[in-house]
>>> print(open('target_26.cif').read())   # mmCIF, C-alpha atoms
data_start
loop_
_atom_site.label_atom_id
_atom_site.label_comp_id
_atom_site.auth_asym_id
_atom_site.auth_seq_id
_atom_site.Cartn_x
_atom_site.Cartn_y
_atom_site.Cartn_z
CA MET A 94 -2.29 22.01 3.54
CA ARG A 95 0.99 21.91 1.68
CA GLU A 96 1.18 22.49 -2.06
CA LEU A 97 -0.01 19.41 -3.89
CA ASP A 98 1.41 20.08 -7.33
CA GLN A 99 3.72 17.07 -6.95
CA LYS A 100 3.98 13.80 -5.05
CA LEU A 101 0.26 13.05 -4.98
CA LEU A 102 -0.99 9.53 -4.43
CA ASP A 103 -2.55 8.24 -7.64
CA PHE A 104 -5.46 6.52 -5.95
CA ALA A 105 -7.68 4.88 -8.52
CA ILE A 106 -7.88 5.23 -12.28
CA ASN A 107 -4.86 5.47 -14.57
CA GLN A 108 -2.76 4.44 -11.60
CA SER A 109 0.88 5.40 -11.73
CA PHE A 110 3.47 3.61 -9.61
CA ASP A 111 6.14 6.24 -10.17
CA GLU A 112 7.90 7.27 -6.98
CA ASN A 113 7.09 10.93 -7.61
CA ASP A 114 3.37 10.09 -7.55
CA PHE A 115 3.46 8.70 -4.01
CA TYR A 116 2.30 11.32 -1.52
CA VAL A 117 4.04 11.11 1.87
CA SER A 118 2.38 12.09 5.15
CA LYS A 119 2.70 11.02 8.78
CA SER A 120 0.50 8.02 7.98
CA ASN A 121 2.98 6.38 5.63
CA PHE A 122 6.28 8.12 6.34
CA PHE A 123 7.95 5.17 8.08
CA ALA A 124 6.94 2.72 5.35
CA LYS A 125 8.19 5.01 2.60
CA ASN A 126 11.41 5.70 4.51
CA ILE A 127 12.11 1.95 4.77
CA ILE A 128 11.98 1.68 0.99
CA GLU A 129 14.22 4.73 0.58
CA THR A 130 16.87 3.45 3.00
CA TRP A 131 17.38 0.09 1.27
CA PRO A 132 19.85 -1.64 1.34
CA LYS A 133 20.73 -0.22 4.76
CA TRP A 134 18.06 -2.27 6.52
CA GLU A 135 18.59 -3.46 10.09
CA LYS A 136 17.07 -6.81 9.12
CA ARG A 137 16.81 -8.64 5.81
CA ILE A 138 13.03 -9.09 5.87
CA VAL A 139 10.56 -6.18 5.89
CA ASN A 140 6.81 -6.57 6.22
CA LEU A 141 4.85 -3.72 4.64
CA THR A 142 1.41 -3.85 6.20
CA GLY A 143 -1.76 -1.79 5.92
CA GLU A 144 -5.36 -1.67 4.81
CA LYS A 145 -6.36 -2.32 1.21
CA TYR A 146 -5.82 0.79 -0.98
CA SER A 147 -3.30 2.19 1.52
CA GLY A 148 -0.47 2.24 -1.02
CA LYS A 149 1.33 -1.03 -0.30
CA THR A 150 1.45 -2.05 -3.96
CA HIS A 151 2.71 1.40 -4.92
CA LEU A 152 5.61 1.07 -2.48
CA SER A 153 6.30 -2.49 -3.63
CA LYS A 154 6.56 -1.28 -7.22
CA ILE A 155 8.94 1.50 -6.16
CA PHE A 156 11.09 -1.09 -4.38
CA LYS A 157 10.97 -3.36 -7.43
CA ILE A 158 12.63 -0.68 -9.54
CA LYS A 159 15.00 0.52 -6.82
CA ALA A 160 16.30 -2.96 -5.93
CA ASN A 161 15.73 -4.67 -9.28
CA ALA A 162 13.64 -7.07 -7.24
CA LEU A 163 11.82 -10.24 -8.27
CA TYR A 164 8.10 -9.43 -7.94
CA LEU A 165 5.86 -12.33 -6.88
CA ASN A 166 2.20 -12.42 -5.98
CA SER A 167 1.67 -14.79 -3.07
CA ASN A 168 -0.97 -16.85 -4.88
CA THR A 169 1.46 -17.70 -7.71
CA ILE A 170 4.26 -19.03 -5.49
CA ASN A 171 4.98 -22.76 -5.24
CA ASP A 172 7.98 -24.98 -4.53
CA ASN A 173 9.34 -24.38 -8.04
CA THR A 174 9.47 -20.64 -7.34
CA LEU A 175 12.40 -21.24 -4.96
CA LYS A 176 14.65 -21.60 -8.03
CA LYS A 177 13.80 -18.04 -9.12
CA ILE A 178 14.31 -16.73 -5.61
CA LYS A 179 17.78 -18.29 -5.46
CA LEU A 180 18.76 -16.29 -8.56
CA SER A 181 17.56 -12.95 -7.16
CA ASN A 182 19.13 -10.67 -4.60
CA SER A 183 15.89 -8.89 -3.70
CA ILE A 184 12.41 -10.39 -3.64
CA ILE A 185 8.89 -9.04 -3.20
CA ILE A 186 5.98 -11.18 -2.03
CA GLU A 187 2.72 -9.30 -2.55
CA ASP A 188 -0.53 -9.92 -0.59
CA LEU A 189 0.66 -12.56 1.86
CA ASP A 190 -1.95 -13.99 4.22
CA GLU A 191 -2.35 -16.89 6.65
CA THR A 192 -3.42 -19.32 3.93
CA PHE A 193 0.12 -19.33 2.51
CA LYS A 194 1.90 -22.69 2.85
CA GLU A 195 3.93 -22.43 6.05
CA THR A 196 6.73 -24.82 5.12
CA LEU A 197 7.24 -22.94 1.87
CA LEU A 198 7.38 -19.57 3.61
CA TYR A 199 9.86 -20.94 6.12
CA SER A 200 12.04 -22.21 3.24
CA ILE A 201 11.93 -18.74 1.67
CA PHE A 202 12.95 -17.14 4.97
CA ASN A 203 15.87 -19.56 5.20
CA LEU A 204 17.03 -18.70 1.69
CA ILE A 205 16.90 -14.99 2.47
CA GLU A 206 18.97 -15.37 5.63
CA GLN A 207 21.49 -17.89 4.29
CA ASP A 208 22.24 -16.01 1.07
CA ASN A 209 22.01 -12.48 2.51
CA LYS A 210 19.12 -11.53 0.27
CA TYR A 211 16.40 -8.93 0.88
CA LEU A 212 12.70 -9.74 1.17
CA LEU A 213 9.79 -7.28 1.13
CA ILE A 214 6.44 -8.81 2.09
CA SER A 215 3.19 -6.89 1.77
CA SER A 216 0.12 -7.93 3.74
CA LYS A 217 -3.05 -6.49 5.21
CA LYS A 218 -2.28 -8.08 8.57
CA PRO A 219 1.16 -7.74 10.21
CA ILE A 220 3.11 -10.95 9.72
CA ASP A 221 4.05 -11.15 13.41
CA THR A 222 0.34 -11.43 14.31
CA MET A 223 -0.51 -14.16 11.79
CA LYS A 224 -1.53 -17.45 13.39
CA PHE A 225 1.19 -19.72 12.03
CA THR A 226 1.48 -23.19 13.59
CA LEU A 227 5.08 -23.96 12.64
CA PRO A 228 7.15 -22.87 15.69
CA ASP A 229 10.26 -21.93 13.69
CA LEU A 230 8.15 -19.82 11.31
CA VAL A 231 6.48 -18.05 14.23
CA SER A 232 9.93 -17.18 15.58
CA ARG A 233 11.17 -15.92 12.20
CA SER A 234 8.04 -13.85 11.56
CA ARG A 235 8.60 -12.04 14.84
CA ASN A 236 12.09 -11.08 13.77
CA CYS A 237 11.07 -8.92 10.79
CA ILE A 238 10.87 -5.16 10.44
CA ILE A 239 7.16 -4.24 10.52
CA ALA A 240 6.49 -1.14 8.40
CA LYS A 241 2.87 -0.27 9.06
CA ILE A 242 0.86 2.21 7.01
CA ASP A 243 -1.52 3.90 9.45
CA GLN A 244 -5.00 5.21 8.77
CA PRO A 245 -4.85 8.38 6.65
CA ASP A 246 -4.48 11.75 8.32
CA ASP A 247 -6.18 14.91 7.03
CA GLU A 248 -3.25 15.85 4.83
CA LEU A 249 -3.24 12.51 3.06
CA ILE A 250 -7.03 12.48 2.70
CA TYR A 251 -6.83 15.90 1.08
CA ALA A 252 -4.18 14.69 -1.36
CA ILE A 253 -6.10 11.53 -2.23
CA ILE A 254 -9.37 13.37 -2.83
CA LEU A 255 -7.78 16.16 -4.85
CA LYS A 256 -5.78 13.81 -7.06
CA SER A 257 -8.57 11.29 -7.54
CA PHE A 258 -11.06 13.90 -8.67
CA SER A 259 -8.45 15.63 -10.79
CA ASP A 260 -7.82 12.33 -12.62
CA ARG A 261 -11.54 12.15 -13.35
CA GLN A 262 -11.66 15.78 -14.46
CA ILE A 263 -14.06 16.58 -11.62
CA LYS A 264 -13.53 20.01 -10.10
CA LEU A 265 -14.40 20.53 -6.45
CA ASP A 266 -14.51 23.75 -4.49
CA ASN A 267 -12.07 23.82 -1.55
CA LYS A 268 -15.03 24.28 0.82
CA ILE A 269 -16.48 20.98 -0.38
CA ILE A 270 -13.13 19.21 0.09
CA ASP A 271 -12.83 20.61 3.62
CA TYR A 272 -16.38 19.43 4.33
CA ILE A 273 -15.51 15.91 3.12
CA ILE A 274 -12.31 15.75 5.19
CA LYS A 275 -14.19 16.60 8.40
CA ARG A 276 -16.81 13.90 7.87
CA ILE A 277 -15.36 11.01 5.89
CA ALA A 278 -14.28 7.83 7.69
CA ARG A 279 -10.52 7.50 8.30
CA SER A 280 -10.26 4.41 6.12
CA TYR A 281 -8.62 3.89 2.72
CA GLY A 282 -11.40 1.46 1.80
CA LYS A 283 -14.16 3.90 2.73
CA MET A 284 -12.44 6.67 0.77
CA HIS A 285 -12.14 4.43 -2.27
CA GLU A 286 -15.85 3.62 -1.98
CA PHE A 287 -16.74 7.30 -1.54
CA ILE A 288 -14.73 8.39 -4.58
CA TYR A 289 -16.28 5.61 -6.68
CA LYS A 290 -19.80 6.76 -5.71
CA ILE A 291 -18.97 10.39 -6.51
CA ASP A 292 -17.66 9.34 -9.90
CA GLU A 293 -20.73 7.20 -10.56
CA LEU A 294 -23.18 9.96 -9.59
CA SER A 295 -21.39 12.61 -11.63
CA LEU A 296 -21.63 10.40 -14.71
CA LYS A 297 -25.30 9.54 -14.13
CA LYS A 298 -26.50 13.05 -13.32
CA LYS A 299 -24.12 14.76 -15.73
CA LYS A 300 -23.70 17.80 -13.51
CA SER A 301 -21.11 19.24 -11.18
CA ILE A 302 -20.69 17.89 -7.67
CA ASN A 303 -22.33 20.08 -5.01
CA PHE A 304 -22.91 19.93 -1.26
CA LYS A 305 -26.24 18.14 -1.71
CA ILE A 306 -24.64 15.22 -3.54
CA ILE A 307 -21.72 15.06 -1.10
CA LYS A 308 -24.07 14.99 1.92
CA GLU A 309 -26.18 12.29 0.27
CA ILE A 310 -23.16 10.01 -0.22
CA ILE A 311 -21.57 10.61 3.18
CA ASN A 312 -24.87 9.97 4.98
#
>>> encode(input="target_26.cif", output="structure tokens")
Amino acid sequence: MRELDQKLLDFAINQSFDENDFYVSKSNFFAKNIIETWPKWEKRIVNLTGEKYSGKTHLSKIFKIKANALYLNSNTINDNTLKKIKLSNSIIIEDLDETFKETLLYSIFNLIEQDNKYLLISSKKPIDTMKFTLPDLVSRSRNCIIAKIDQPDDELIYAIILKSFSDRQIKLDNKIIDYIIKRIARSYGKMHEFIYKIDELSLKKKKSINFKIIKEIIN
């Protein structure tokens, strides 16, 4: 494993959205690179997609600072929001899903294209696979850059575990971390659940984490 003194993903508590705290591995390299290469995007709309806890919000926050972007959560957007979008050069829509009003999304896409703006959309599901019914919206959604965050590789799992436990002031022997990496599910959600259970047990039992506790949680 590479040195993890810097660029570690702040996974849970006291979460930092600083760019230096985002750990890059093969799993998220393309997504991070898309953010870094702005404004030299091949297309004006980028869809950042991946599982919950995969780092989408972290990348959105990095883009917000980099592009001085208007940050919008999808559940707060309505027809009146279009006025704000018109005044911004770069826009972020966080947590988009198929329940979003299709005509409104199509209007946003039109604004982006007509005024040469930039739009970053984060979603768990890739936008080009969402079951939209509006034909023009289906066509537009298939003409976006899809920046997918893949399931975590061993290097990223190591970084997440090390940083998460460090934030909680829990010290783990490297042998225990290696044991976890070999057995834990390759899922950001499962890792989040695992780390939460470790934290909970360490507080309840008020003792250091050992192999017995780790095995109990993994099993």
>>> atom_distance(input="target_26.cif", atom1="CA of Ile288 in chain A", atom2="CA of His151 in chain A")
18.8 Å
>>> closest_residue(input="target_26.cif", among="A:Leu213, A:Leu230, A:Cys237, A:Ile254", to="Thr196 in chain A", atoms="all atoms listed in the file")
A:Leu230
>>> atom_distance(input="target_26.cif", atom1="CA of Phe287 in chain A", atom2="CA of Phe156 in chain A")
29.2 Å
>>> closest_residue(input="target_26.cif", among="A:Leu141, A:Ile155, A:Ile184, A:Ser257", to="Phe115 in chain A", atoms="all atoms listed in the file")
A:Ile155
>>> closest_residue(input="target_26.cif", among="A:Phe304, A:Thr174, A:Lys290, A:Ile242", to="Ile270 in chain A", atoms="all atoms listed in the file")
A:Phe304
>>> residues_around(input="target_26.cif", residues="Asp172 in chain A", least_positions_apart="6", cutoff="12 Å", atoms="only C-alpha atoms", output="list of chain:residue names")
A:Ile178, A:Lys179, A:Phe193, A:Lys194, A:Glu195, A:Thr196, A:Leu197, A:Leu198, A:Tyr199, A:Ser200, A:Ile201
>>> resolve_selection(input="target_26.cif", expression="the PyMOL selection byres ((chain A and resi 263-265) around 12)", output="VMD selection string")
chain A and resid 251 254 to 262 266 to 273 288 291 to 296 299 to 304 306 to 307
>>> atom_distance(input="target_26.cif", atom1="CA of Ile185 in chain A", atom2="CA of Tyr211 in chain A")
8.5 Å
>>> closest_residue(input="target_26.cif", among="A:Pro132, A:Pro228, A:Pro219, A:Gly148", to="Asn182 in chain A", atoms="all atoms listed in the file")
A:Pro132
>>> resolve_selection(input="target_26.cif", expression="the PyMOL selection byres ((chain A and resi 278) around 12)", output="list of chain:residue names")
A:Gln244, A:Pro245, A:Asp246, A:Asp247, A:Ile250, A:Ile273, A:Ile274, A:Lys275, A:Arg276, A:Ile277, A:Arg279, A:Ser280, A:Tyr281, A:Gly282, A:Lys283, A:Met284, A:His285, A:Glu286, A:Phe287, A:Ile311, A:Asn312
>>> resolve_selection(input="target_26.cif", expression="the PyMOL selection byres ((chain A and resi 129) around 12)", output="JSON, numbers by chain")
{"A": [112, 122, 123, 124, 125, 126, 127, 128, 130, 131, 132, 133, 134, 152, 153, 155, 156, 157, 158, 159, 160]}
>>> closest_residue(input="target_26.cif", among="A:Ile186, A:Ala252, A:Ile239, A:Ile310", to="Lys136 in chain A", atoms="all atoms listed in the file")
A:Ile239
>>> residues_near_point(input="target_26.cif", point="(5.8, -3.5, 10.1)", cutoff="6 Å", atoms="all atoms listed in the file", output="compact mmCIF listing (two decimals) with C-alpha atoms, in the frame of the given file")
# COMPACT_ATOMS: atom_id res chain seq x y z
CA ASN A 140 6.81 -6.57 6.22
CA LEU A 141 4.85 -3.72 4.64
CA THR A 142 1.41 -3.85 6.20
CA ILE A 238 10.87 -5.16 10.44
CA ILE A 239 7.16 -4.24 10.52
CA ALA A 240 6.49 -1.14 8.40
CA LYS A 241 2.87 -0.27 9.06
>>> closest_residue(input="target_26.cif", among="A:Ile220, A:Leu165, A:Leu249, A:Ile214", to="Ser232 in chain A", atoms="only C-alpha atoms")
A:Ile220
>>> axis_aligned_box(input="target_26.cif", around="range 261-270 of chain A", padding_each_side="3 Å", output="lines of an AutoDock Vina configuration file")
center_x = -14.0
center_y = 18.2
center_z = -6.8
size_x = 10.9
size_y = 18.1
size_z = 21.3
>>> decode(input="target_26.cif", residues="range 114-191 of chain A", atoms="C-alpha atoms", output="short mmCIF file (atom, residue, chain, number, x, y, z; two decimals), in the first residue's frame")
data_model
loop_
_atom_site.label_atom_id
_atom_site.label_comp_id
_atom_site.auth_asym_id
_atom_site.auth_seq_id
_atom_site.Cartn_x
_atom_site.Cartn_y
_atom_site.Cartn_z
CA ASP A 114 -8.76 14.73 1.87
CA PHE A 115 -10.08 12.82 -1.14
CA TYR A 116 -8.12 9.61 -1.65
CA VAL A 117 -7.74 8.58 -5.30
CA SER A 118 -7.50 4.97 -6.46
CA LYS A 119 -8.44 3.06 -9.60
CA SER A 120 -12.03 2.95 -8.34
CA ASN A 121 -12.59 6.69 -8.53
CA PHE A 122 -9.77 7.97 -10.73
CA PHE A 123 -11.92 8.80 -13.76
CA ALA A 124 -14.52 10.65 -11.68
CA LYS A 125 -11.87 12.69 -9.88
CA ASN A 126 -10.08 13.41 -13.16
CA ILE A 127 -13.31 14.79 -14.68
CA ILE A 128 -13.53 17.31 -11.85
CA GLU A 129 -9.87 18.25 -12.23
CA THR A 130 -10.11 18.80 -15.99
CA TRP A 131 -13.01 21.28 -15.82
CA PRO A 132 -13.70 23.42 -17.83
CA LYS A 133 -12.13 21.32 -20.59
CA TRP A 134 -15.05 18.90 -20.70
CA GLU A 135 -16.02 17.22 -23.97
CA LYS A 136 -19.68 17.79 -23.08
CA ARG A 137 -21.42 20.35 -20.89
CA ILE A 138 -23.23 17.86 -18.67
CA VAL A 139 -21.45 15.31 -16.45
CA ASN A 140 -23.20 12.64 -14.43
CA LEU A 141 -21.26 11.54 -11.36
CA THR A 142 -22.69 8.17 -10.39
CA GLY A 143 -21.94 5.60 -7.71
CA GLU A 144 -23.14 3.85 -4.59
CA LYS A 145 -24.06 5.76 -1.44
CA TYR A 146 -20.93 6.70 0.57
CA SER A 147 -18.73 6.35 -2.54
CA GLY A 148 -17.58 9.98 -2.42
CA LYS A 149 -19.97 11.67 -4.85
CA THR A 150 -20.81 14.49 -2.45
CA HIS A 151 -17.12 15.01 -1.72
CA LEU A 152 -16.40 15.45 -5.42
CA SER A 153 -19.43 17.72 -5.84
CA LYS A 154 -18.14 19.96 -3.05
CA ILE A 155 -14.69 20.07 -4.68
CA PHE A 156 -16.33 21.10 -7.96
CA LYS A 157 -18.43 23.71 -6.15
CA ILE A 158 -15.28 25.50 -5.00
CA LYS A 159 -13.34 24.95 -8.23
CA ALA A 160 -16.11 26.24 -10.53
CA ASN A 161 -17.84 28.59 -8.08
CA ALA A 162 -20.89 26.48 -8.84
CA LEU A 163 -24.49 26.83 -7.69
CA TYR A 164 -25.12 23.83 -5.41
CA LEU A 165 -28.67 22.42 -5.48
CA ASN A 166 -30.12 19.34 -3.86
CA SER A 167 -32.57 17.71 -6.25
CA ASN A 168 -35.43 17.71 -3.73
CA THR A 169 -35.26 21.51 -3.36
CA ILE A 170 -35.50 22.32 -7.08
CA ASN A 171 -38.70 23.70 -8.59
CA ASP A 172 -39.67 25.92 -11.53
CA ASN A 173 -38.54 29.03 -9.63
CA THR A 174 -35.03 27.59 -9.36
CA LEU A 175 -34.55 28.17 -13.09
CA LYS A 176 -33.99 31.87 -12.32
CA LYS A 177 -30.98 30.99 -10.14
CA ILE A 178 -29.64 28.61 -12.76
CA LYS A 179 -29.81 31.33 -15.41
CA LEU A 180 -27.53 33.51 -13.26
CA SER A 181 -24.89 30.80 -12.75
CA ASN A 182 -22.24 29.50 -15.10
CA SER A 183 -21.81 26.17 -13.32
CA ILE A 184 -24.49 24.18 -11.53
CA ILE A 185 -24.55 21.08 -9.33
CA ILE A 186 -27.64 18.92 -8.87
CA GLU A 187 -27.10 16.50 -6.00
CA ASP A 188 -28.91 13.14 -5.56
CA LEU A 189 -30.97 13.07 -8.75
CA ASP A 190 -33.31 10.11 -9.19
CA GLU A 191 -36.20 9.04 -11.43
#
